[in-house]
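**Q** For reference, the structure I am asking about is given below.
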Amino acid sequence: MDRRNFLGRTAGAGAVAWAGAARALGKPRLLCPPSPAGPFPAKDSSGRHLIIPTDKPDEFNLKVMEFNPIAAPKPEEWELEVAGLVERPFRLRLKDLQSLAAVTQSSRLKCVQCWSARITWNGFRAQELLKIIMPKPSATWMRVDSADLYYDFHSLEDLLHPHTLFALGMYGKPLTPEHGAPLRLVLPFKYGYKSTKLITKITLTMHGGQGVVADTWPYYSQTGDIEAGYDHPFDFPGLTKKISGGEILEY
């Protein structure tokens with residue numbers, strides 16, 4: 001079984017719905033792909049509440065986007081596994097990341113579904129994490145895996161971009177599970193699907209790869225670069241903004 005067929009079997013109700021919509025459209029490119037279809041169960045077999053995708057903006061003017069509905073990770077039990085081309089594999093706890101030099105950043109998260117919102121993020125720069133994990137000289141890419149089986153690849157060049165942030169919080173409070181707690185990436189010069197959420201593992205590698213989104217739905221680009229076009233910012237209700245591509249800095 002090839003990887004795409006495997007993903008189609010394991011991606012869950014939302015992912016299967018998205019992939020099915022892509023096949024039905026039969027187009028090589030789609031600027032505003034459909035939202036995940038429901039209904040989704042509210043709880044798992046153990047009675048834990050699941051993180052459920054939404055089609056309406058929440059109090060942060062963001063939609064909740066999930067690859068598979070899962071129960072929220074418990075911060076006190078969460079660990080970040082570090083593997084690959086590093087001096088030694090190991091694990092980090094949330095308190096280890098909370099001790100890194102903190103930064104606050106206001107940047108706009110732009111979704112490939114045509115909406116966006118400006119958020120005040122709290123976290124740390126990738127440079128601070130790299131000091132701890134000590135990548136080998138041959139490492140030029142990082143694979144990021146998530147609790148909901150999502151994964152993506154990021155070049156170290158993108159991770160070291162001055163606006164890339166590993167986020168632990170929003171507006172001075174810890175991230176909510178719906179928006180990636182305990183740890184997520186924020187790359188404001190890329191579409192939101194590159195800002196990986198619910199991170200549980202990072203692997204340093206010599207070569208990049210195809211992220212799960214671009215592998216499953218071919219109308220997504222592997223780079224995730226924001227293209228010129230139009231934006232519908234939820235924090236400016238009813239307005240349509242023309243954008244020139246790249247990070248949105250005008251509003």
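Identifiers for the structure tokens are assigned positionally: chains receive A, B, ... in sequence, residues are indexed from 1 per chain, and ligands are indexed from 1 in the order shown.
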Can you list, as a PyMOL selection string, every protein, DNA or RNA residue that comes within 6 Å of Ser146 in chain A when you count only C-alpha atoms, leaving out same-chain residues fewer than 3 positions away?
**A** chain A and resi 149-150+198-200
**Q** Next, dump the selected residues to file, keeping only N, CA and C atoms, as a PDB file, in the first residue's frame.
**A**
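As a result, out25.pdb now contains:
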```
ATOM      1  N   LEU A 149      -1.626  12.893  14.213  1.00  0.00           N
ATOM      2  CA  LEU A 149      -1.035  12.170  13.077  1.00  0.00           C
ATOM      3  C   LEU A 149      -0.660  13.077  11.908  1.00  0.00           C
ATOM      4  N   TYR A 150      -0.770  14.371  12.075  1.00  0.00           N
ATOM      5  CA  TYR A 150      -0.315  15.323  11.061  1.00  0.00           C
ATOM      6  C   TYR A 150       1.210  15.362  11.089  1.00  0.00           C
ATOM      7  N   LEU A 198      -0.089  21.012  17.783  1.00  0.00           N
ATOM      8  CA  LEU A 198      -0.079  19.788  18.599  1.00  0.00           C
ATOM      9  C   LEU A 198       1.214  18.990  18.423  1.00  0.00           C
ATOM     10  N   ILE A 199       2.340  19.696  18.371  1.00  0.00           N
ATOM     11  CA  ILE A 199       3.618  19.053  18.065  1.00  0.00           C
ATOM     12  C   ILE A 199       4.041  18.109  19.192  1.00  0.00           C
ATOM     13  N   THR A 200       4.467  16.909  18.803  1.00  0.00           N
ATOM     14  CA  THR A 200       4.948  15.926  19.773  1.00  0.00           C
ATOM     15  C   THR A 200       6.361  15.430  19.470  1.00  0.00           C
TER      16      THR A 200
END
```
**Q** Pick out the residues sitting within 10 Å of Glu250 in chain A, and hand them over as a PDB file with N, CA and C atoms, in the first residue's frame; count only C-alpha atoms, and ignore anything fewer than 2 positions along from it in its own chain.
**A**
```
ATOM      1  N   ARG A 108      -0.236  37.844  11.386  1.00  0.00           N
ATOM      2  CA  ARG A 108      -1.488  37.374  10.794  1.00  0.00           C
ATOM      3  C   ARG A 108      -1.333  35.935  10.330  1.00  0.00           C
ATOM      4  N   LYS A 241      -9.756  41.989   1.273  1.00  0.00           N
ATOM      5  CA  LYS A 241      -8.478  42.676   1.118  1.00  0.00           C
ATOM      6  C   LYS A 241      -7.684  42.042  -0.027  1.00  0.00           C
ATOM      7  N   ILE A 243      -4.181  41.101  -1.571  1.00  0.00           N
ATOM      8  CA  ILE A 243      -2.845  40.857  -1.029  1.00  0.00           C
ATOM      9  C   ILE A 243      -1.878  40.576  -2.165  1.00  0.00           C
ATOM     10  N   GLU A 247       4.058  37.277   3.547  1.00  0.00           N
ATOM     11  CA  GLU A 247       3.436  37.645   4.823  1.00  0.00           C
ATOM     12  C   GLU A 247       2.576  38.901   4.668  1.00  0.00           C
ATOM     13  N   ILE A 248       1.410  38.890   5.278  1.00  0.00           N
ATOM     14  CA  ILE A 248       0.500  40.034   5.229  1.00  0.00           C
ATOM     15  C   ILE A 248       0.893  41.008   6.328  1.00  0.00           C
TER      16      ILE A 248
END
```
**Q** Go through A:Thr54, A:Thr240, A:Ser155, A:Ser46 and flag the residue nearest Trp115 in chain A, using only C-alpha atoms for the distances.
**A**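 Answer, going by the shortest atom-to-atom distance: A:Thr240.
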**Q** When DSSP works through the backbone of this structure, what residues of range 34-215 of chain A end up as strand (DSSP E or B), shown as a VMD selection string?
**A** chain A and resid 43 49 to 50 71 79 to 84 86 90 to 93 103 to 110 115 to 124 135 141 to 146 151 to 155 165 to 170 173 to 174 184 to 186 190 to 191 199 to 205
**Q** Output as a list in words all residues of range 55-211 of chain A that backbone DSSP marks as alpha helix (DSSP H).
**A**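 The alpha helix (DSSP H) residues within range 55-211 of chain A come out as Leu94, Lys95, Asp96, Leu97, Gln98, Ala126, Gln127, Glu128, Leu129, Leu130, Lys131, Ile132, Ile133, Leu156, Glu157, Asp158 and Leu159 of chain A.
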**Q** Restricting the calculation to only C-alpha atoms: of A:Glu66, A:Glu76, A:Glu87, A:Glu81, which residue gets closest to Met134 in chain A?
**A**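 Once distances to Met134 in chain A are computed over only C-alpha atoms, the minimum belongs to A:Glu87.
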**Q** Could you list, as an NGL selection string, every residue within 7 Å of Tyr191 in chain A, counting only C-alpha atoms and ignoring same-chain residues fewer than 3 positions away?
**A** :A and (110-112 or 194 or 224-226)
**Q** Quick one: everything within 10 Å of Gly211 in chain A, counting only C-alpha atoms, minus sequence neighbours fewer than 4 positions away in the same chain. Send it as an mmCIF file with N, CA and C atoms, in the first residue's frame.
**A**
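The result, stored in result.cif:
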```cif
data_model
loop_
_atom_site.group_PDB
_atom_site.id
_atom_site.type_symbol
_atom_site.label_atom_id
_atom_site.label_comp_id
_atom_site.auth_asym_id
_atom_site.auth_seq_id
_atom_site.Cartn_x
_atom_site.Cartn_y
_atom_site.Cartn_z
ATOM 1 N N ARG A 143 11.583 17.532 10.332
ATOM 2 C CA ARG A 143 10.248 16.949 10.234
ATOM 3 C C ARG A 143 9.541 17.170 11.568
ATOM 4 N N VAL A 144 8.285 17.594 11.499
ATOM 5 C CA VAL A 144 7.498 17.860 12.697
ATOM 6 C C VAL A 144 6.283 16.940 12.692
ATOM 7 N N ASP A 145 6.121 16.168 13.766
ATOM 8 C CA ASP A 145 4.976 15.265 13.907
ATOM 9 C C ASP A 145 4.058 15.753 15.016
ATOM 10 N N TYR A 150 -0.770 14.371 12.075
ATOM 11 C CA TYR A 150 -0.315 15.323 11.061
ATOM 12 C C TYR A 150 1.210 15.362 11.089
ATOM 13 N N TYR A 151 1.816 15.663 9.943
ATOM 14 C CA TYR A 151 3.263 15.891 9.913
ATOM 15 C C TYR A 151 3.588 16.824 8.767
ATOM 16 N N ASP A 152 4.735 17.479 8.870
ATOM 17 C CA ASP A 152 5.201 18.356 7.796
ATOM 18 C C ASP A 152 6.712 18.466 7.897
ATOM 19 N N PHE A 153 7.306 19.046 6.855
ATOM 20 C CA PHE A 153 8.745 19.281 6.799
ATOM 21 C C PHE A 153 8.997 20.785 6.672
ATOM 22 N N HIS A 154 10.005 21.262 7.382
ATOM 23 C CA HIS A 154 10.363 22.676 7.356
ATOM 24 C C HIS A 154 11.879 22.795 7.197
ATOM 25 N N TYR A 193 -1.578 25.931 7.026
ATOM 26 C CA TYR A 193 -1.306 24.506 7.148
ATOM 27 C C TYR A 193 0.169 24.197 7.369
ATOM 28 N N LYS A 194 1.046 25.195 7.195
ATOM 29 C CA LYS A 194 2.457 25.010 7.524
ATOM 30 C C LYS A 194 2.748 25.338 8.993
ATOM 31 N N ASP A 215 0.674 15.860 0.373
ATOM 32 C CA ASP A 215 0.663 14.475 -0.092
ATOM 33 C C ASP A 215 -0.762 13.968 -0.305
ATOM 34 N N THR A 216 -1.680 14.409 0.555
ATOM 35 C CA THR A 216 -3.054 13.918 0.507
ATOM 36 C C THR A 216 -3.924 14.721 -0.447
ATOM 37 N N TYR A 220 -2.782 21.567 -2.661
ATOM 38 C CA TYR A 220 -1.925 22.322 -1.745
ATOM 39 C C TYR A 220 -0.493 22.275 -2.255
ATOM 40 N N SER A 221 0.238 23.381 -2.119
ATOM 41 C CA SER A 221 1.638 23.379 -2.535
ATOM 42 C C SER A 221 2.507 22.854 -1.397
ATOM 43 N N GLN A 222 3.648 22.295 -1.743
ATOM 44 C CA GLN A 222 4.565 21.799 -0.720
ATOM 45 C C GLN A 222 5.215 22.950 0.037
ATOM 46 N N THR A 223 5.469 24.068 -0.642
ATOM 47 C CA THR A 223 6.127 25.187 0.033
ATOM 48 C C THR A 223 5.184 25.920 0.974
#
```
**Q** Determine, counting only C-alpha atoms, which protein, DNA and RNA residues have an atom within 9 Å of an atom of Leu109 in chain A; residues of the same chain fewer than 3 positions away are not included. Present the result as a ChimeraX atom specification.
**A** /A:62,115-119,186-192,195,247-248
**Q** Rank nothing, just name the residue among A:His163, A:His49, A:Lys173, A:Lys201 nearest to Ser107 in chain A, using only C-alpha atoms.
**A**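 Ranking A:His163, A:His49, A:Lys173, A:Lys201 by distance to Ser107 in chain A, first place goes to A:His163.
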